[in-house]
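**Student:** Just so it is clear, I am handing over protein04.txt, which has compact mmCIF, C-alpha atoms.
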# COMPACT_ATOMS: atom_id res chain seq x y z
CA MET D 1 102.20 118.24 86.86
CA TYR D 2 102.86 115.04 84.92
CA LYS D 3 106.38 113.64 84.52
CA GLU D 4 107.89 110.25 83.83
CA LEU D 5 108.19 108.24 87.05
CA PHE D 6 108.84 104.60 87.83
CA ASN D 7 106.41 102.29 86.02
CA GLY D 8 105.32 99.64 88.49
CA TYR D 9 102.67 97.07 87.65
CA ASN D 10 100.29 98.39 90.32
CA CYS D 11 100.12 101.39 92.65
CA LEU D 12 102.10 99.78 95.49
CA SER D 13 104.95 98.58 93.26
CA ALA D 14 105.04 101.98 91.55
CA ALA D 15 105.22 103.81 94.89
CA LEU D 16 107.86 101.44 96.28
CA GLY D 17 109.90 101.61 93.07
CA GLU D 18 109.87 105.41 92.95
CA TYR D 19 110.69 105.55 96.67
CA SER D 20 113.63 103.17 96.11
CA ILE D 21 115.03 105.18 93.21
CA ARG D 22 114.85 108.42 95.17
CA LYS D 23 116.54 106.73 98.14
CA LYS D 24 119.15 105.18 95.81
CA TYR D 25 118.12 101.56 96.38
CA ASP D 26 117.68 101.00 92.66
CA TYR D 27 118.03 97.21 92.94
CA ILE D 28 114.48 97.10 94.35
CA THR D 29 113.22 98.01 90.88
CA ASP D 30 114.63 94.70 89.58
CA VAL D 31 112.59 92.88 92.21
CA ILE D 32 109.48 94.70 91.02
CA ASN D 33 110.18 94.25 87.30
CA SER D 34 110.72 90.48 87.60
CA GLN D 35 107.28 89.80 89.09
CA LEU D 36 104.65 87.62 87.35
CA THR D 37 101.31 86.86 89.00
CA PHE D 38 97.64 86.63 88.03
CA ILE D 39 94.66 86.38 90.38
CA PHE D 40 90.95 86.19 89.51
CA ASP D 41 87.86 85.99 91.72
CA GLU D 42 84.41 85.60 90.18
CA LYS D 43 82.46 87.04 93.15
CA PRO D 44 83.83 90.61 92.84
CA PHE D 45 83.54 90.17 89.05
CA TRP D 46 79.77 89.83 89.36
CA ASP D 47 79.62 92.53 92.04
CA ASP D 48 81.35 95.09 89.80
CA GLU D 49 84.37 95.31 92.08
CA TRP D 50 88.14 94.82 91.61
CA PHE D 51 88.27 91.21 90.38
CA ALA D 52 91.50 90.40 88.50
CA GLY D 53 95.11 91.27 87.86
CA SER D 54 98.45 91.02 89.62
CA THR D 55 96.70 91.05 93.01
CA LEU D 56 93.20 91.64 94.35
CA GLU D 57 94.10 93.24 97.66
CA PRO D 58 95.60 96.73 98.09
CA LEU D 59 98.70 95.19 99.66
CA ASP D 60 100.63 92.99 97.22
CA LYS D 61 101.50 90.02 99.45
CA TYR D 62 103.51 88.29 96.72
CA LEU D 63 105.83 91.27 96.42
CA LEU D 64 106.17 91.77 100.16
CA ASN D 65 106.83 88.08 100.82
CA ASP D 66 109.50 87.99 98.09
CA LEU D 67 111.25 91.05 99.51
CA ILE D 68 111.54 89.25 102.85
CA LYS D 69 112.37 85.82 101.40
CA TYR D 70 115.24 87.14 99.30
CA GLN D 71 116.40 89.53 102.03
CA CYS D 72 115.80 92.57 99.86
CA GLY D 73 113.87 94.63 102.37
CA ASN D 74 110.55 94.93 104.15
CA LEU D 75 107.56 97.23 104.57
CA TYR D 76 106.20 97.86 108.04
CA GLN D 77 102.61 98.97 108.48
CA GLU D 78 101.87 101.77 110.93
CA LYS D 79 98.62 103.52 111.69
CA MET D 80 99.49 107.23 111.71
CA THR D 81 97.60 110.25 112.91
CA LEU D 82 98.08 113.44 110.90
CA ASP D 83 100.34 114.79 113.62
CA ARG D 84 102.46 111.64 113.48
CA GLU D 85 102.80 111.98 109.68
CA ILE D 86 103.88 115.60 110.04
CA GLU D 87 106.44 114.63 112.66
CA TYR D 88 107.76 111.77 110.52
CA LEU D 89 108.12 113.96 107.41
CA LYS D 90 110.16 116.54 109.31
CA LYS D 91 112.90 113.90 109.59
CA ASN D 92 112.20 111.92 106.41
CA ASP D 93 111.35 113.34 103.01
CA LEU D 94 109.10 110.50 101.77
CA LEU D 95 106.30 108.36 103.17
CA ILE D 96 104.26 105.64 101.45
CA VAL D 97 100.58 105.99 102.38
CA LEU D 98 97.31 104.30 101.50
CA VAL D 99 94.52 106.61 100.31
CA ASP D 100 91.05 106.50 98.82
CA PHE D 101 91.62 107.23 95.12
CA TYR D 102 88.20 108.93 94.86
CA TYR D 103 89.72 112.07 96.37
CA MET D 104 92.86 112.17 94.23
CA LYS D 105 93.49 114.43 91.23
CA SER D 106 96.22 112.32 89.69
CA VAL D 107 94.16 111.86 86.54
CA ASP D 108 92.09 114.37 84.55
CA TRP D 109 88.59 113.44 85.69
CA LYS D 110 87.00 116.17 83.55
CA LEU D 111 88.48 114.59 80.44
CA LEU D 112 87.54 111.07 81.50
CA LYS D 113 83.96 112.16 82.26
CA ARG D 114 83.44 112.60 78.51
CA PHE D 115 83.92 108.85 78.23
CA ASN D 116 81.58 108.17 81.16
CA ILE D 117 84.53 107.28 83.40
CA LEU D 118 83.98 108.64 86.90
CA PRO D 119 85.98 108.47 90.17
CA GLU D 120 85.54 105.31 92.25
CA HIS D 121 86.27 104.68 95.91
CA ASP D 122 89.31 102.40 95.55
CA PRO D 123 92.40 101.97 97.75
CA HIS D 124 95.52 103.48 96.22
CA PHE D 125 99.17 103.97 97.22
CA ILE D 126 100.98 107.29 96.85
CA LEU D 127 104.08 109.02 98.25
CA VAL D 128 103.84 112.06 100.50
CA GLU D 129 106.74 114.54 100.57
CA SER D 130 105.48 117.15 103.03
CA ILE D 131 102.42 118.41 104.88
CA ASP D 132 101.99 122.19 105.19
CA THR D 133 99.25 122.93 107.72
CA PHE D 134 99.74 126.71 107.46
CA ASN D 135 98.95 126.77 103.71
CA ASN D 136 96.58 123.77 103.85
CA ARG D 137 98.67 121.83 101.31
CA VAL D 138 100.10 118.32 101.01
CA SER D 139 102.86 117.62 98.48
CA ILE D 140 102.30 114.22 96.88
CA ILE D 141 103.78 111.93 94.24
CA ASP D 142 101.56 109.40 92.48
CA PRO D 143 104.01 107.30 90.43
CA TYR D 144 101.31 105.01 89.03
CA TYR D 145 99.85 107.98 87.14
CA ASN D 146 103.12 109.92 86.71
CA TYR D 147 101.77 112.78 88.80
CA VAL D 148 103.61 115.20 91.09
CA GLY D 149 101.67 117.99 92.77
CA LYS D 150 99.79 119.32 95.75
CA MET D 151 96.36 118.66 97.20
CA GLU D 152 94.29 120.41 99.86
CA LEU D 153 94.99 119.17 103.37
CA ASP D 154 91.27 118.79 104.10
CA ARG D 155 90.86 116.59 101.03
CA TYR D 156 93.94 114.57 102.00
CA VAL D 157 92.45 113.91 105.44
CA LEU D 158 89.30 112.57 103.78
CA ALA D 159 91.39 110.39 101.45
CA ARG D 160 93.28 108.88 104.39
CA SER D 161 90.13 107.55 106.09
CA GLY D 162 87.65 106.70 103.35
CA ASP D 163 85.43 103.67 102.73
CA THR D 164 86.44 101.93 99.50
CA ARG D 165 85.15 99.00 97.47
CA GLN D 166 87.92 96.88 99.01
CA GLY D 167 87.51 97.95 102.62
CA LYS D 168 88.16 100.98 104.76
CA VAL D 169 91.29 103.12 104.45
CA GLU D 170 92.35 103.82 108.04
CA ASN D 171 95.32 106.20 108.07
CA ILE D 172 97.78 103.44 107.22
CA ALA D 173 101.36 104.25 106.22
CA TYR D 174 104.20 101.92 105.27
CA LEU D 175 107.75 102.37 106.51
CA VAL D 176 110.49 100.88 104.35
CA SER D 177 113.53 98.99 105.62
CA PHE D 178 116.35 98.04 103.22
CA PRO D 179 119.38 95.81 103.95
CA ALA D 180 122.86 97.26 104.03
CA LYS D 181 123.99 95.28 100.98
CA SER D 182 122.50 95.95 97.58
CA ASN D 183 123.49 92.51 96.21
CA CYS D 184 121.17 90.67 98.57
CA TYR D 185 119.88 88.19 95.97
CA ASP D 186 120.55 86.42 92.70
CA ILE D 187 118.18 88.27 90.40
CA LYS D 188 117.96 85.51 87.78
CA SER D 189 117.13 82.94 90.45
CA LEU D 190 114.44 85.25 91.75
CA PHE D 191 112.98 85.61 88.25
CA TYR D 192 112.85 81.86 87.62
CA ASP D 193 111.48 81.15 91.09
CA ARG D 194 108.62 83.50 90.32
CA ILE D 195 107.96 81.84 86.97
CA GLN D 196 107.98 78.48 88.79
CA ARG D 197 105.47 79.81 91.32
CA TYR D 198 103.22 81.10 88.54
CA PHE D 199 103.29 77.61 86.99
CA GLU D 200 102.88 75.62 90.21
CA GLU D 201 99.98 77.74 91.43
CA LYS D 202 98.45 77.48 87.94
CA MET D 203 97.75 81.20 87.79
CA PHE D 204 96.98 80.90 84.07
CA GLU D 205 93.80 79.04 85.08
CA GLY D 206 92.56 82.34 86.52
CA ILE D 207 92.77 83.79 83.00
CA PHE D 208 90.70 80.87 81.65
CA LYS D 209 88.17 81.36 84.44
CA MET D 210 87.90 85.06 83.64
CA GLY D 211 87.20 84.19 80.00
CA GLU D 212 84.49 81.76 81.10
CA GLU D 213 82.82 84.37 83.29
CA ILE D 214 82.87 86.96 80.49
CA ASP D 215 81.23 84.44 78.17
CA LYS D 216 78.71 83.54 80.86
CA ARG D 217 77.81 87.22 81.23
CA ARG D 218 77.21 87.38 77.47
CA LEU D 219 74.82 84.41 77.67
CA ILE D 220 72.96 85.62 80.76
CA TYR D 221 72.55 89.34 80.07
CA GLY D 222 72.94 89.65 76.32
CA PRO D 223 73.93 92.83 74.44
CA ASP D 224 71.88 95.31 76.52
CA GLN D 225 73.58 94.68 79.86
CA ASP D 226 75.13 97.25 82.21
CA ARG D 227 78.73 97.58 81.01
CA LYS D 228 80.28 99.06 84.14
CA TRP D 229 82.16 95.81 84.78
CA ALA D 230 84.17 96.41 81.59
CA ILE D 231 85.78 99.60 82.89
CA ASN D 232 86.72 97.71 86.06
CA ALA D 233 88.26 95.01 83.85
CA TYR D 234 90.15 97.64 81.86
CA ASN D 235 91.61 99.09 85.06
CA CYS D 236 92.29 95.69 86.69
CA LEU D 237 94.17 94.31 83.71
CA ARG D 238 96.56 97.22 83.40
CA SER D 239 98.65 95.41 86.02
CA SER D 240 98.94 92.32 83.80
CA MET D 241 100.00 94.37 80.79
CA ASP D 242 102.49 96.34 82.90
CA GLN D 243 104.00 93.17 84.35
CA HIS D 244 104.78 91.92 80.85
CA THR D 245 106.12 95.33 79.82
CA ASN D 246 108.49 95.23 82.77
CA LEU D 247 109.40 91.57 82.24
CA ASN D 248 110.38 92.18 78.62
CA LYS D 249 112.68 95.04 79.65
CA PHE D 250 114.04 93.03 82.57
CA ALA D 251 114.85 90.03 80.36
CA LYS D 252 116.78 92.20 77.89
CA ASN D 253 118.75 93.84 80.68
CA TYR D 254 119.79 90.46 82.11
CA HIS D 255 120.17 88.61 78.80
CA ILE D 256 117.34 86.18 79.50
CA GLU D 257 115.95 84.67 76.30
CA LEU D 258 112.16 84.77 76.14
CA THR D 259 110.09 83.07 73.47
CA GLU D 260 108.35 85.26 70.89
CA GLU D 261 105.02 84.21 72.41
CA PHE D 262 106.09 85.39 75.84
CA GLU D 263 107.27 88.74 74.47
CA ALA D 264 103.99 89.13 72.57
CA LEU D 265 101.89 88.88 75.74
CA GLU D 266 102.47 92.55 76.57
CA ASN D 267 100.72 93.57 73.36
CA MET D 268 98.02 90.92 73.76
CA TRP D 269 97.03 92.22 77.20
CA GLY D 270 97.03 95.73 75.74
CA GLN D 271 94.73 94.65 72.90
CA LEU D 272 92.36 92.96 75.35
CA ARG D 273 92.16 96.15 77.40
CA LYS D 274 91.47 98.09 74.19
CA LYS D 275 88.56 95.76 73.39
CA LEU D 276 87.16 96.21 76.91
CA ILE D 277 87.22 100.01 76.76
CA GLU D 278 85.61 99.86 73.30
CA TYR D 279 82.91 97.56 74.68
CA TYR D 280 82.37 99.88 77.66
CA ASN D 281 81.92 102.85 75.30
CA HIS D 282 79.59 100.88 72.98
CA ARG D 283 82.05 100.83 70.09
CA LEU D 284 82.24 97.04 70.29
CA ASP D 285 79.31 94.73 71.08
CA ASP D 286 80.82 91.27 70.58
CA LEU D 287 81.58 89.86 74.03
CA GLU D 288 82.44 86.54 72.42
CA GLU D 289 85.41 88.26 70.78
CA ILE D 290 86.58 89.46 74.19
CA SER D 291 86.17 86.08 75.89
CA TYR D 292 88.03 84.36 73.02
CA ALA D 293 90.92 86.84 73.32
CA THR D 294 91.04 86.12 77.07
CA PHE D 295 91.19 82.34 76.53
CA LYS D 296 93.95 82.81 73.96
CA ILE D 297 96.06 84.84 76.40
CA GLY D 298 95.60 82.16 79.07
CA GLN D 299 96.76 79.43 76.70
CA ILE D 300 99.81 81.38 75.53
CA GLU D 301 100.79 82.27 79.10
CA LYS D 302 100.57 78.59 80.06
CA GLU D 303 102.69 77.47 77.10
CA ALA D 304 105.18 80.33 77.49
CA VAL D 305 105.98 79.71 81.16
CA THR D 306 106.19 75.95 80.53
CA THR D 307 108.74 76.51 77.74
CA LEU D 308 110.67 79.04 79.80
CA LEU D 309 111.03 76.61 82.71
CA LYS D 310 112.16 73.77 80.43
CA HIS D 311 115.03 75.87 79.07
CA ARG D 312 116.08 77.74 82.21
Starting from the coordinates I provided, produce the structure as structure tokens.
**Tutor:**
Amino acid sequence: MYKELFNGYNCLSAALGEYSIRKKYDYITDVINSQLTFIFDEKPFWDDEWFAGSTLEPLDKYLLNDLIKYQCGNLYQEKMTLDREIEYLKKNDLLIVLVDFYYMKSVDWKLLKRFNILPEHDPHFILVESIDTFNNRVSIIDPYYNYVGKMELDRYVLARSGDTRQGKVENIAYLVSFPAKSNCYDIKSLFYDRIQRYFEEKMFEGIFKMGEEIDKRRLIYGPDQDRKWAINAYNCLRSSMDQHTNLNKFAKNYHIELTEEFEALENMWGQLRKKLIEYYNHRLDDLEEISYATFKIGQIEKEAVTTLLKHR
């Protein structure tokens, strides 16, 4: 069943945001919605692995570090056996777990197969509500794909200990701890600190580097290359588009004035992803158009954060 759930910018932020809303710690969603990061690594790019976006690792260290720094909460990792999960869920109605997305049914794989999009072994965060060993069912929530439903226990067990493109999933769960006070930070200061970090770490240069690598691929392999990397790019860059979607909403809620260029970045990332999926499906052959669009986004991001910091 599909229903509207919290829209994080990646699977961990979506799971944590939905968890926070259900536990009535809504202020955590502001922490998630005010995030801006971009990471790129050329090695996984050439190896057809997860190579760009808000973070490259399953665990978003920027988000976790900010939660601790601003005294907003913390996530504690615990390796759990199935019996331990069952015991935990008898006393608590939600648990954040790491799974191998290959085994999940959060998206309609039959529909996506028509477009040559198949399941991949990737780490993914979901919420578990209950485990019913008698009926061989696990009740899950996958906020990143707006999915609520059940999966077979045997399949869940496989998902909890699979080998993925980013390492092995080893029955890891994350326990959440929130402070007693909900006003544990100055949200505008947090927002500007994150923009400052984006600028100081020159994250926009990762966008330029990605554009260079796309252009390099065009020159090396030409028009008849394997296009699998493009579907990875499409999936990776959803996090960048979602961050800007959330930032635009966040800024309006807190009366923060963004430049028109900054507000336009949400649509620009969306258009870049559209070009990538068209390229993957052979409806677009001009990689130079894609690399140019990438460079343009990098330049606008650089100028937008510079302007924002000058007028904070």
**Student:** If I wrap all listed atoms of stretch 100-118 of chain D in a box with edges along x, y and z and add 8 Å on each side, what are its centre and edge lengths in Å to one decimal, as AutoDock Vina command-line options?
**Tutor:**
--center_x 88.9 --center_y 111.3 --center_z 88.5 --size_x 30.6 --size_y 25.7 --size_z 36.6
**Student:** The residues within 12 Å of (111.3, 112.7, 103.6), using only C-alpha atoms and the coordinates of the file, should be reported as a short mmCIF file (atom, residue, chain, number, x, y, z; two decimals) with C-alpha atoms, in the frame of the given file; which are they?
**Tutor:**
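That gives us selection.cif:
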data_model
loop_
_atom_site.label_atom_id
_atom_site.label_comp_id
_atom_site.auth_asym_id
_atom_site.auth_seq_id
_atom_site.Cartn_x
_atom_site.Cartn_y
_atom_site.Cartn_z
CA TYR D 19 110.69 105.55 96.67
CA ARG D 22 114.85 108.42 95.17
CA LYS D 23 116.54 106.73 98.14
CA GLU D 85 102.80 111.98 109.68
CA ILE D 86 103.88 115.60 110.04
CA GLU D 87 106.44 114.63 112.66
CA TYR D 88 107.76 111.77 110.52
CA LEU D 89 108.12 113.96 107.41
CA LYS D 90 110.16 116.54 109.31
CA LYS D 91 112.90 113.90 109.59
CA ASN D 92 112.20 111.92 106.41
CA ASP D 93 111.35 113.34 103.01
CA LEU D 94 109.10 110.50 101.77
CA LEU D 95 106.30 108.36 103.17
CA ILE D 96 104.26 105.64 101.45
CA LEU D 127 104.08 109.02 98.25
CA VAL D 128 103.84 112.06 100.50
CA GLU D 129 106.74 114.54 100.57
CA SER D 130 105.48 117.15 103.03
CA ILE D 131 102.42 118.41 104.88
CA SER D 139 102.86 117.62 98.48
CA ILE D 140 102.30 114.22 96.88
CA LEU D 175 107.75 102.37 106.51
CA VAL D 176 110.49 100.88 104.35
#
**Student:** Write out as a list of chain:residue names each polymer residue whose atoms come within 8 Å of D:Ile214, counting all atoms listed in the file; drop sequence neighbours fewer than 6 positions from it.
**Tutor:** D:Leu287, D:Ile290, D:Ser291
**Student:** Pick from D:Lys302, D:Lys310, D:Lys69, D:His282: nearest to D:Gly206, with only C-alpha atoms counted?
**Tutor:** D:Lys302
**Student:** Of the residues D:Tyr280, D:Tyr156, D:Trp50, D:Tyr70, which is the one nearest to D:Tyr103, using only C-alpha atoms?
**Tutor:**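 Between D:Tyr280, D:Tyr156, D:Trp50, D:Tyr70, the residue approaching D:Tyr103 most closely is D:Tyr156.
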**Student:** For D:Val305, which residue out of D:Asp242, D:Glu42, D:Glu57, D:Glu263 is the nearest one, using all atoms listed in the file?
**Tutor:** D:Glu263
**Student:** Check the smallest atom-to-atom distance from each of D:Asn7, D:Gln271, D:Gln166, D:Asn33 to D:Pro58 using only C-alpha atoms, then report the winner.
**Tutor:**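 The shortest atom-to-atom distance to D:Pro58 comes from D:Gln166.
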**Student:** Just checking: using all atoms listed in the file, which residue out of D:Arg312, D:Arg217, D:Arg165, D:Lys202 ends up closest to D:Glu120?
**Tutor:**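 Answer, going by the shortest atom-to-atom distance: D:Arg165.
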**Student:** Find the spatial neighbours of D:Phe208, counting all atoms listed in the file, within a cut-off of 7 Å - ignore same-chain residues fewer than 4 positions away - and output them as a PyMOL selection string.
**Tutor:** chain D and resi 204+212+294-295+298
**Student:** D:Leu112, D:Leu59, D:Val138, D:Leu309: which is nearest D:Asp154, counting all atoms listed in the file?
**Tutor:** D:Val138
**Student:** Could you jot down the atom CA of D:Trp269 to atom CA of D:Glu4 separation for me, Å, one decimal place?
**Tutor:**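 Between these atoms lies a distance of 22.1 Å.
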**Student:** At what distance in Å, to one decimal, does atom CA of D:Lys168 lie from atom CA of D:Met80?
**Tutor:**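 Between atom CA of D:Met80 and atom CA of D:Lys168 the gap works out to 14.7 Å.
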**Student:** Provide the atom CA of D:Arg218 to atom CA of D:His121 distance in Å, to one decimal place.
**Tutor:**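 So the answer is 26.9 Å.
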**Student:** Can you take the partial stretch 263-288 of chain D, add N, CA, C and O atoms, and return it as an mmCIF file, in the coordinates of the input?
**Tutor:**
data_model
loop_
_atom_site.group_PDB
_atom_site.id
_atom_site.type_symbol
_atom_site.label_atom_id
_atom_site.label_comp_id
_atom_site.auth_asym_id
_atom_site.auth_seq_id
_atom_site.Cartn_x
_atom_site.Cartn_y
_atom_site.Cartn_z
ATOM 1 N N GLU D 263 107.077 87.309 74.734
ATOM 2 C CA GLU D 263 107.270 88.740 74.470
ATOM 3 C C GLU D 263 106.004 89.381 73.919
ATOM 4 O O GLU D 263 105.739 90.560 74.169
ATOM 5 N N ALA D 264 105.202 88.594 73.185
ATOM 6 C CA ALA D 264 103.990 89.130 72.570
ATOM 7 C C ALA D 264 102.860 89.359 73.573
ATOM 8 O O ALA D 264 101.895 90.068 73.269
ATOM 9 N N LEU D 265 102.976 88.788 74.759
ATOM 10 C CA LEU D 265 101.890 88.880 75.740
ATOM 11 C C LEU D 265 101.630 90.320 76.182
ATOM 12 O O LEU D 265 100.489 90.685 76.481
ATOM 13 N N GLU D 266 102.658 91.138 76.217
ATOM 14 C CA GLU D 266 102.470 92.550 76.570
ATOM 15 C C GLU D 266 101.452 93.195 75.630
ATOM 16 O O GLU D 266 100.500 93.854 76.075
ATOM 17 N N ASN D 267 101.629 92.995 74.340
ATOM 18 C CA ASN D 267 100.720 93.570 73.360
ATOM 19 C C ASN D 267 99.340 92.921 73.414
ATOM 20 O O ASN D 267 98.316 93.598 73.231
ATOM 21 N N MET D 268 99.294 91.623 73.710
ATOM 22 C CA MET D 268 98.020 90.920 73.760
ATOM 23 C C MET D 268 97.155 91.423 74.919
ATOM 24 O O MET D 268 95.942 91.611 74.772
ATOM 25 N N TRP D 269 97.779 91.643 76.079
ATOM 26 C CA TRP D 269 97.030 92.220 77.200
ATOM 27 C C TRP D 269 96.557 93.624 76.846
ATOM 28 O O TRP D 269 95.431 94.026 77.189
ATOM 29 N N GLY D 270 97.411 94.389 76.150
ATOM 30 C CA GLY D 270 97.030 95.730 75.740
ATOM 31 C C GLY D 270 95.843 95.725 74.784
ATOM 32 O O GLY D 270 94.934 96.550 74.899
ATOM 33 N N GLN D 271 95.837 94.770 73.858
ATOM 34 C CA GLN D 271 94.730 94.650 72.900
ATOM 35 C C GLN D 271 93.435 94.244 73.600
ATOM 36 O O GLN D 271 92.344 94.710 73.243
ATOM 37 N N LEU D 272 93.546 93.367 74.598
ATOM 38 C CA LEU D 272 92.360 92.960 75.350
ATOM 39 C C LEU D 272 91.780 94.153 76.102
ATOM 40 O O LEU D 272 90.558 94.363 76.106
ATOM 41 N N ARG D 273 92.636 94.957 76.707
ATOM 42 C CA ARG D 273 92.160 96.150 77.400
ATOM 43 C C ARG D 273 91.504 97.123 76.412
ATOM 44 O O ARG D 273 90.487 97.763 76.733
ATOM 45 N N LYS D 274 92.055 97.222 75.223
ATOM 46 C CA LYS D 274 91.470 98.090 74.190
ATOM 47 C C LYS D 274 90.057 97.615 73.836
ATOM 48 O O LYS D 274 89.131 98.421 73.701
ATOM 49 N N LYS D 275 89.883 96.311 73.695
ATOM 50 C CA LYS D 275 88.560 95.760 73.390
ATOM 51 C C LYS D 275 87.569 96.053 74.524
ATOM 52 O O LYS D 275 86.395 96.366 74.279
ATOM 53 N N LEU D 276 88.032 95.963 75.761
ATOM 54 C CA LEU D 276 87.160 96.210 76.910
ATOM 55 C C LEU D 276 86.705 97.659 76.976
ATOM 56 O O LEU D 276 85.531 97.934 77.252
ATOM 57 N N ILE D 277 87.621 98.596 76.714
ATOM 58 C CA ILE D 277 87.220 100.010 76.760
ATOM 59 C C ILE D 277 86.305 100.332 75.579
ATOM 60 O O ILE D 277 85.381 101.148 75.700
ATOM 61 N N GLU D 278 86.514 99.671 74.442
ATOM 62 C CA GLU D 278 85.610 99.860 73.300
ATOM 63 C C GLU D 278 84.225 99.290 73.610
ATOM 64 O O GLU D 278 83.201 99.883 73.249
ATOM 65 N N TYR D 279 84.199 98.152 74.292
ATOM 66 C CA TYR D 279 82.910 97.560 74.680
ATOM 67 C C TYR D 279 82.196 98.474 75.674
ATOM 68 O O TYR D 279 80.991 98.718 75.547
ATOM 69 N N TYR D 280 82.949 98.995 76.647
ATOM 70 C CA TYR D 280 82.370 99.880 77.660
ATOM 71 C C TYR D 280 81.744 101.109 77.006
ATOM 72 O O TYR D 280 80.673 101.579 77.419
ATOM 73 N N ASN D 281 82.399 101.634 75.977
ATOM 74 C CA ASN D 281 81.920 102.850 75.300
ATOM 75 C C ASN D 281 81.024 102.547 74.100
ATOM 76 O O ASN D 281 80.789 103.412 73.259
ATOM 77 N N HIS D 282 80.540 101.297 74.014
ATOM 78 C CA HIS D 282 79.590 100.880 72.980
ATOM 79 C C HIS D 282 80.148 101.025 71.558
ATOM 80 O O HIS D 282 79.406 101.259 70.610
ATOM 81 N N ARG D 283 81.452 100.865 71.422
ATOM 82 C CA ARG D 283 82.050 100.830 70.090
ATOM 83 C C ARG D 283 82.354 99.402 69.659
ATOM 84 O O ARG D 283 82.810 99.162 68.548
ATOM 85 N N LEU D 284 82.094 98.469 70.561
ATOM 86 C CA LEU D 284 82.240 97.040 70.290
ATOM 87 C C LEU D 284 81.143 96.333 71.074
ATOM 88 O O LEU D 284 80.927 96.618 72.248
ATOM 89 N N ASP D 285 80.421 95.426 70.417
ATOM 90 C CA ASP D 285 79.310 94.730 71.080
ATOM 91 C C ASP D 285 79.544 93.234 71.223
ATOM 92 O O ASP D 285 78.759 92.554 71.894
ATOM 93 N N ASP D 286 80.604 92.718 70.624
ATOM 94 C CA ASP D 286 80.820 91.270 70.580
ATOM 95 C C ASP D 286 81.618 90.803 71.796
ATOM 96 O O ASP D 286 82.852 90.801 71.785
ATOM 97 N N LEU D 287 80.900 90.374 72.841
ATOM 98 C CA LEU D 287 81.580 89.860 74.030
ATOM 99 C C LEU D 287 82.278 88.534 73.761
ATOM 100 O O LEU D 287 83.245 88.192 74.430
ATOM 101 N N GLU D 288 81.796 87.806 72.763
ATOM 102 C CA GLU D 288 82.440 86.540 72.420
ATOM 103 C C GLU D 288 83.864 86.789 71.928
ATOM 104 O O GLU D 288 84.776 86.010 72.199
#
